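Source file: input24.txt; contents: compact mmCIF, C-alpha atoms.
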```txt
# COMPACT_ATOMS: atom_id res chain seq x y z
CA MET I 60 -48.12 51.34 -23.08
CA ALA I 61 -44.36 51.85 -22.76
CA ALA I 62 -44.10 49.22 -20.03
CA LYS I 63 -45.47 46.54 -22.33
CA GLN I 64 -43.05 47.54 -25.09
CA ASP I 65 -40.11 47.28 -22.73
CA LYS I 66 -41.42 43.96 -21.51
CA ASN I 67 -41.50 42.57 -25.02
CA ALA I 68 -37.97 43.82 -25.57
CA LYS I 69 -36.67 41.84 -22.60
CA PRO I 70 -37.51 38.19 -23.18
CA GLY I 71 -36.16 35.39 -21.06
CA LYS I 72 -36.03 37.31 -17.81
CA GLY I 73 -37.98 34.66 -15.94
CA ALA I 74 -41.44 34.19 -14.48
CA LEU I 75 -40.86 36.40 -11.44
CA GLU I 76 -40.21 39.42 -13.61
CA GLU I 77 -43.61 39.01 -15.28
CA GLU I 78 -45.33 40.04 -12.06
CA VAL I 79 -43.08 43.07 -11.70
CA TRP I 80 -44.23 44.20 -15.12
CA SER I 81 -47.83 43.92 -13.97
CA ALA I 82 -47.03 46.23 -11.07
CA ILE I 83 -45.19 48.62 -13.38
CA ALA I 84 -48.20 48.82 -15.69
CA ALA I 85 -50.50 49.56 -12.74
CA PHE I 86 -48.34 52.37 -11.36
CA GLU I 87 -47.79 53.90 -14.81
CA GLN I 88 -51.56 54.05 -15.21
CA ILE I 89 -51.77 55.98 -11.94
CA LEU I 90 -49.12 58.41 -13.20
CA GLU I 91 -51.12 59.03 -16.35
CA ALA I 92 -53.86 60.47 -14.13
CA MET I 93 -51.59 61.89 -11.40
CA PRO I 94 -48.13 62.64 -12.89
CA ASN I 95 -46.70 63.81 -9.56
CA ASP I 96 -47.92 60.92 -7.40
CA ARG I 97 -44.92 60.26 -5.19
CA ALA I 98 -45.90 56.75 -4.13
CA SER I 99 -46.12 55.64 -7.76
CA LEU I 100 -42.84 57.32 -8.70
CA GLU I 101 -41.08 55.62 -5.77
CA ALA I 102 -42.65 52.28 -6.64
CA LEU I 103 -41.59 52.50 -10.29
CA LEU I 104 -38.06 53.53 -9.32
CA HIS I 105 -37.80 50.45 -7.12
CA ALA I 106 -39.46 48.13 -9.67
CA TYR I 107 -37.13 49.10 -12.50
CA GLU I 108 -34.14 48.69 -10.21
CA GLN I 109 -35.41 45.20 -9.36
CA ILE I 110 -35.40 44.13 -13.02
CA GLY I 111 -32.10 45.85 -13.78
CA ASP I 112 -33.44 48.55 -16.11
CA LEU I 113 -31.27 51.38 -14.81
CA VAL I 114 -32.25 53.75 -17.63
CA LYS I 115 -35.90 53.70 -16.58
CA ALA I 116 -34.93 53.70 -12.90
CA LYS I 117 -32.95 56.89 -13.51
CA GLU I 118 -35.93 58.44 -15.32
CA TYR I 119 -38.20 57.92 -12.31
CA LEU I 120 -35.48 58.96 -9.88
CA VAL I 121 -35.21 62.30 -11.69
CA ARG I 122 -38.98 62.72 -11.85
CA LEU I 123 -39.29 61.98 -8.14
CA ALA I 124 -36.51 64.46 -7.30
CA LYS I 125 -38.24 67.18 -9.29
CA VAL I 126 -41.51 66.58 -7.43
CA LEU I 127 -39.72 66.78 -4.08
CA VAL I 128 -38.15 70.10 -5.10
CA GLU I 129 -41.54 71.45 -6.20
CA GLU I 130 -43.10 70.38 -2.89
CA SER I 131 -40.15 71.69 -0.85
CA ASP I 132 -39.78 68.31 0.86
CA ILE I 133 -36.17 68.89 1.82
CA GLU I 134 -35.90 65.84 4.06
CA ALA I 135 -36.98 63.37 1.37
CA GLY I 136 -34.97 65.22 -1.27
CA ALA I 137 -31.80 64.97 0.80
CA GLY I 138 -32.23 61.21 0.79
CA LEU I 139 -31.97 61.16 -3.02
CA VAL I 140 -28.84 63.30 -3.39
CA GLU I 141 -26.29 60.48 -3.24
CA ARG I 142 -28.23 58.39 -5.75
CA LEU I 143 -28.52 61.36 -8.10
CA LYS I 144 -24.79 62.03 -7.88
CA THR I 145 -24.20 58.69 -9.61
CA PHE I 146 -25.55 60.24 -12.82
CA ALA I 147 -24.59 63.90 -12.27
CA ALA I 148 -21.24 63.81 -14.08
CA GLU I 149 -22.76 62.78 -17.39
CA ASP I 150 -26.17 64.48 -17.15
CA PRO I 151 -26.38 68.29 -16.68
CA GLU I 152 -30.05 68.07 -15.69
CA VAL I 153 -29.24 65.68 -12.84
CA ALA I 154 -26.26 67.81 -11.83
CA GLN I 155 -28.58 70.82 -11.56
CA LEU I 156 -31.01 68.84 -9.41
CA VAL I 157 -28.18 67.87 -7.06
CA THR I 158 -27.10 71.51 -6.83
CA THR I 159 -30.67 72.62 -6.11
CA LEU I 160 -31.24 70.01 -3.40
CA GLU I 161 -27.92 70.73 -1.73
CA ALA I 162 -28.62 74.46 -1.81
CA LEU I 163 -32.03 73.96 -0.21
CA ALA I 164 -30.69 71.72 2.56
CA PRO I 165 -29.30 73.46 5.68
CA ALA I 166 -25.60 73.04 6.37
CA GLY I 167 -26.31 70.54 9.13
CA GLY I 168 -27.42 67.87 6.65
CA PRO I 169 -30.49 65.62 6.42
CA ALA I 170 -31.54 65.97 10.06
CA ASP I 171 -31.62 69.76 9.80
CA ALA I 172 -33.24 69.45 6.38
CA GLY I 173 -36.09 67.56 8.00
CA ARG I 174 -36.62 70.38 10.46
CA ALA I 175 -36.53 72.93 7.65
CA ALA I 176 -39.31 71.03 5.87
CA ALA I 177 -41.62 71.44 8.87
CA GLY I 178 -43.32 74.45 7.33
CA ALA I 179 -44.48 72.32 4.39
CA HIS I 180 -45.73 69.55 6.67
CA ALA I 181 -46.92 71.52 9.66
CA GLU I 182 -49.35 69.04 11.18
CA ALA I 183 -47.08 65.99 10.94
CA ALA I 184 -44.00 67.90 12.10
CA ALA I 185 -45.83 69.45 15.04
CA ALA I 186 -46.94 66.03 16.26
CA ALA I 187 -43.46 64.60 15.84
CA GLU I 188 -41.78 67.52 17.58
CA ALA I 189 -44.20 67.27 20.51
CA GLN I 190 -43.34 63.63 20.97
CA ALA I 191 -39.61 64.32 20.63
CA ALA I 192 -39.81 67.01 23.29
CA LYS I 193 -41.66 64.68 25.61
CA SER I 194 -39.16 61.83 25.33
CA LYS I 195 -36.08 64.01 24.78
CA ALA I 196 -35.59 62.14 21.54
CA GLY I 197 -33.85 62.82 18.29
CA PRO I 198 -35.13 63.83 14.85
CA PRO I 199 -38.72 62.99 13.83
CA VAL I 200 -39.53 59.84 11.90
CA ARG I 201 -40.62 60.45 8.31
CA MET I 202 -44.42 60.33 8.24
CA VAL I 203 -44.85 59.65 4.52
CA PHE I 204 -45.78 56.09 3.56
CA ASN I 205 -43.26 54.61 1.10
CA MET I 206 -44.79 52.19 -1.39
CA ALA I 207 -41.33 51.03 -2.51
CA ASP I 208 -40.67 49.58 0.96
CA GLU I 209 -43.81 47.44 0.80
CA LEU I 210 -43.06 46.33 -2.75
CA ALA I 211 -39.62 45.24 -1.57
CA PHE I 212 -41.29 43.25 1.23
CA ALA I 213 -43.61 41.52 -1.25
CA TRP I 214 -40.70 40.85 -3.62
CA ASN I 215 -38.70 39.23 -0.82
CA LEU I 216 -41.64 36.91 -0.09
CA LEU I 217 -41.96 36.05 -3.77
CA GLU I 218 -38.26 35.23 -4.14
CA ALA I 219 -38.44 33.09 -0.99
CA LYS I 220 -41.45 31.28 -2.51
CA GLU I 221 -43.61 32.34 0.42
CA LEU I 222 -45.94 33.91 -2.15
CA THR I 223 -46.96 32.45 -5.48
CA GLN I 224 -46.86 34.63 -8.57
CA GLU I 225 -50.65 35.00 -8.47
CA GLU I 226 -50.60 35.95 -4.78
CA TYR I 227 -47.81 38.45 -5.41
CA ALA I 228 -49.81 40.06 -8.22
CA SER I 229 -52.91 40.38 -6.03
CA VAL I 230 -50.89 41.84 -3.14
CA VAL I 231 -49.34 44.46 -5.43
CA GLN I 232 -52.77 45.35 -6.82
CA ASP I 233 -54.25 45.79 -3.34
CA LEU I 234 -51.26 47.84 -2.17
CA THR I 235 -51.76 50.11 -5.16
CA GLU I 236 -55.44 50.61 -4.36
CA MET I 237 -54.73 51.20 -0.66
CA SER I 238 -52.04 53.77 -1.44
CA THR I 239 -54.50 55.89 -3.44
CA SER I 240 -57.29 55.59 -0.87
CA GLU I 241 -57.94 58.37 1.62
CA SER I 242 -59.08 55.90 4.28
CA PRO I 243 -56.98 56.21 7.47
CA SER I 244 -55.45 52.77 7.78
CA THR I 245 -52.08 51.09 7.98
CA ILE I 246 -50.87 50.01 4.54
CA SER I 247 -48.75 46.87 4.61
CA VAL I 248 -48.19 43.59 2.82
CA LEU I 249 -49.32 41.72 5.92
CA HIS I 250 -52.54 43.74 6.14
CA VAL I 251 -53.31 42.87 2.52
CA MET I 252 -52.59 39.19 3.09
CA GLU I 253 -54.80 38.97 6.16
CA ALA I 254 -57.63 40.93 4.50
CA ARG I 255 -57.54 38.51 1.56
CA GLY I 256 -57.63 35.54 3.91
CA PHE I 257 -54.26 34.13 2.84
CA LYS I 258 -54.01 30.70 4.43
CA ASN I 259 -50.23 30.84 4.69
CA ILE I 260 -49.97 34.10 6.62
CA GLU I 261 -48.79 32.35 9.80
CA ARG I 262 -46.09 30.57 7.80
CA VAL I 263 -45.10 33.92 6.31
CA LEU I 264 -44.87 35.41 9.80
CA GLY I 265 -42.57 32.56 10.77
CA TYR I 266 -40.36 33.18 7.75
CA VAL I 267 -40.22 36.93 8.43
CA ALA I 268 -39.51 36.36 12.13
CA LYS I 269 -36.51 34.19 11.28
CA GLU I 270 -35.22 36.19 8.31
CA CYS I 271 -35.47 39.60 10.03
CA GLU I 272 -34.78 38.46 13.60
CA THR I 273 -38.13 39.84 14.74
CA PRO I 274 -39.92 37.31 16.97
CA ILE I 275 -43.68 36.90 16.66
CA VAL I 276 -45.63 38.60 19.43
CA LEU I 277 -49.27 38.46 20.53
CA LEU I 278 -50.03 42.09 21.40
CA SER I 279 -53.33 41.24 23.08
CA SER I 280 -51.40 39.53 25.88
CA PHE I 281 -49.83 42.84 26.97
CA VAL I 282 -51.42 45.42 29.25
CA LEU I 283 -51.04 48.83 27.61
CA ASN I 284 -50.79 52.10 29.52
CA PHE I 285 -50.76 55.80 28.70
CA ASP I 286 -47.01 56.30 29.10
CA ILE I 287 -46.26 53.45 26.70
CA VAL I 288 -48.77 54.22 23.95
CA THR I 289 -47.79 57.90 23.78
CA ILE I 290 -44.05 57.34 23.24
CA LEU I 291 -44.81 57.56 19.51
CA SER I 292 -47.65 59.63 18.06
CA HIS I 293 -50.78 57.82 16.94
CA GLU I 294 -50.42 59.25 13.44
CA LEU I 295 -46.87 57.93 13.12
CA MET I 296 -47.82 54.46 14.35
CA LEU I 297 -50.79 54.32 11.98
CA LYS I 298 -48.96 55.53 8.88
CA ARG I 299 -45.65 53.72 9.35
CA GLY I 300 -46.90 50.50 10.97
CA VAL I 301 -44.99 50.60 14.25
CA PHE I 302 -46.39 50.26 17.78
CA VAL I 303 -44.63 50.51 21.15
CA PHE I 304 -46.25 47.95 23.42
CA ASP I 305 -43.89 47.59 26.40
CA LYS I 306 -40.55 48.46 27.99
CA VAL I 307 -37.78 46.36 29.50
CA GLY I 308 -35.74 48.70 31.64
CA GLN I 309 -35.12 51.62 29.30
CA ASP I 310 -35.39 49.49 26.14
CA LEU I 311 -38.56 49.64 24.04
CA LEU I 312 -40.46 46.67 22.62
CA ILE I 313 -41.99 47.58 19.26
CA ALA I 314 -44.22 45.73 16.81
CA ILE I 315 -43.36 46.56 13.19
CA MET I 316 -45.45 45.59 10.17
CA ASN I 317 -42.53 45.64 7.73
CA PRO I 318 -39.50 44.15 9.48
CA PHE I 319 -37.51 44.36 6.23
CA ASP I 320 -37.59 48.17 6.48
CA LYS I 321 -34.24 48.70 8.20
CA GLN I 322 -34.36 52.46 7.65
CA LEU I 323 -37.59 52.75 9.62
CA ARG I 324 -36.01 50.85 12.50
CA LYS I 325 -33.08 53.28 12.54
CA GLU I 326 -35.39 56.29 12.44
CA VAL I 327 -37.50 55.01 15.34
CA GLU I 328 -34.42 54.37 17.47
CA ALA I 329 -33.03 57.82 16.67
CA HIS I 330 -36.38 59.44 17.42
CA THR I 331 -36.94 57.74 20.76
CA GLY I 332 -33.31 57.82 21.82
CA LYS I 333 -33.80 54.29 23.14
CA LYS I 334 -32.60 50.82 22.28
CA CYS I 335 -35.50 49.21 20.42
CA HIS I 336 -36.33 45.52 20.09
CA PHE I 337 -38.59 44.81 17.12
CA PHE I 338 -41.26 42.13 16.77
CA VAL I 339 -43.73 41.08 14.10
CA THR I 340 -47.41 40.43 14.70
CA LEU I 341 -50.67 39.72 12.91
CA PRO I 342 -52.23 42.84 11.33
CA SER I 343 -55.45 42.33 13.29
CA GLU I 344 -53.43 42.29 16.52
CA PHE I 345 -51.66 45.48 15.45
CA ASP I 346 -54.92 47.26 14.56
CA LYS I 347 -56.58 46.27 17.85
CA ALA I 348 -53.59 47.47 19.86
CA LEU I 349 -53.55 50.75 17.95
CA ALA I 350 -57.26 51.25 18.61
CA LYS I 351 -56.78 50.40 22.29
CA GLY I 352 -53.94 52.91 22.50
CA ALA I 353 -56.15 55.64 21.05
CA GLU I 354 -58.87 54.72 23.55
CA ILE I 355 -56.42 55.00 26.46
CA VAL I 356 -55.33 58.46 25.27
CA SER I 357 -58.96 59.61 24.91
CA GLU I 358 -59.83 58.40 28.40
CA LYS I 359 -56.80 60.17 29.87
CA GLN I 360 -57.74 63.42 28.12
CA ALA I 361 -61.30 63.14 29.39
CA GLN I 362 -60.07 62.61 32.95
CA GLN I 363 -57.79 65.65 32.69
CA ALA I 364 -60.62 67.77 31.30
CA ALA I 365 -62.96 66.68 34.11
CA ALA I 366 -60.35 67.52 36.73
CA GLN I 367 -59.98 71.10 35.53
```
Go through the file and emit its structure as structure tokens.
Amino acid sequence: MAAKQDKNAKPGKGALEEEVWSAIAAFEQILEAMPNDRASLEALLHAYEQIGDLVKAKEYLVRLAKVLVEESDIEAGAGLVERLKTFAAEDPEVAQLVTTLEALAPAGGPADAGRAAAGAHAEAAAAAEAQAAKSKAGPPVRMVFNMADELAFAWNLLEAKELTQEEYASVVQDLTEMSTSESPSTISVLHVMEARGFKNIERVLGYVAKECETPIVLLSSFVLNFDIVTILSHELMLKRGVFVFDKVGQDLLIAIMNPFDKQLRKEVEAHTGKKCHFFVTLPSEFDKALAKGAEIVSEKQAQQAAAQ
């Protein structure tokens, strides 16, 4: 496999890089079966950037951009334009991709591009737009799970020595399997760690809380209500690992499963139009709160139906 050849050509990179190569091999195997799998393309782009192989990173950046053009995902494509421009001057193929993406995007930029992509993602966009209308919020949060964000989380834990090399490898393997599964569940590093019974998960939570300035919260100690749990759509909370559990004045208190994902934080604040305070919690706490929120919504709908 090409990944192994590259690995042999790069000796002396250190023990941490060995585990990245294991992840690269796994995702390249997925691409052999599913050449347009976006999660794998994103993961490989991130992995090669991590080890400093910018030639391979560029290769997967271009492949990912082509897939986004084919799928008419204007919002995601707009997010790659600036990175592509880095190579456009010396690569006509990349320059053409930039031209295509810019031509597809409305004049208003990425926010408008997201709205233009609604036709290709009707169900997700409809849910997001309904929530935005309800809360008088801004643009919808991207619904698509990004494997690269979770790999970055795991890599941060590895570099901080909160995960051993063996633990990192097992987390990456489980994330890969979860990303290809059709089971409706939240995919996160913390979910993998808890499912595997990692003994140091509470220590990891402490590290994340300090590093990301996201205090640990026990969601089961909060009383949820309909107005709170419907601020964000259930689908969004499930797929992106965020959950609104309370308000302080007009500010929102939100549990987030990947506190390192700064972009997700920005998107949630823009979507809700509120100041958001983020917290980290155990995956089991998050899942129970999400299930309770869905139960509250179902009960409310049943009451409304009975009253008609």
Nearest residue to Phe304 (chain I) out of I:Gly256, I:Pro243, I:Gly111, I:Gly352, using only C-alpha atoms? I:Gly352
Can you tell me, as a PyMOL selection string, what residues are no more than 6 Å from Ser99 (chain I) when counting only C-alpha atoms, ignoring any on the same chain fewer than 3 positions away? chain I and resi 86+96+102
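You will find CA of Asp112 (chain I) at 16.6 Å from CA of Leu210 (chain I).
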Using only C-alpha atoms: which of I:Ala82, I:Leu127, I:Leu90, I:Val263 has the shortest distance to Ser229 (chain I): I:Ala82
Set out as JSON lines a contact list for region 274-295 of chain I and region 245-250 of chain I with a cut-off of 12 Å, giving each residue of region 274-295 of chain I that qualifies its closest atom pair and distance in Å to one decimal, counting all atoms listed in the file, ordered by chain and rising residue number.
```
{"residue": "I:His293", "atom": "CA", "partner": "I:Thr245", "partner_atom": "CA", "distance": 11.3}
{"residue": "I:Glu294", "atom": "CA", "partner": "I:Thr245", "partner_atom": "CA", "distance": 10.0}
{"residue": "I:Leu295", "atom": "CA", "partner": "I:Thr245", "partner_atom": "CA", "distance": 10.0}
```
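For the set I:Glu226, I:Leu163, I:Ala148, I:Leu297, the residue with the smallest atom-to-atom gap to Phe204 (chain I) is I:Leu297, counting all atoms listed in the file.
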Within 9 Å of region 327-341 of chain I using all atoms listed in the file, minus same-chain residues under 2 positions, as a ChimeraX atom specification: /I:187,190-191,194-200,249-250,253,260-261,264,267-268,272-278,290-291,301,309-318,322-325,343-346
Judged by only C-alpha atoms, the minimum distance to Trp80 (chain I) among I:Cys271, I:Leu139, I:Thr145, I:Val231 is found for I:Val231
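Minimum atom-to-atom distances from I:Ala213, I:Ala361, I:Leu156, I:Met206 to Glu236 (chain I) were compared using all atoms listed in the file, and the lowest value belongs to I:Met206.
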Need the axis-aligned box for region 297-312 of chain I with 4 Å each side, so what are the centre and edges in Å to one decimal, as lines of an AutoDock Vina configuration file?
```
center_x = -43.0
center_y = 50.9
center_z = 20.3
size_x = 23.7
size_y = 17.2
size_z = 30.8
```
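CA of Met237 (chain I) is positioned 26.8 Å from CA of Ala137 (chain I).
For the atom pair formed by CA of Tyr227 (chain I) and CA of Lys321 (chain I), the distance is 21.8 Å, given to one decimal.
Of the listed residues (I:Tyr107, I:Ala147, I:Asn95, I:Val203), I:Val203 comes nearest to Met296 (chain I); the distances count all atoms listed in the file.
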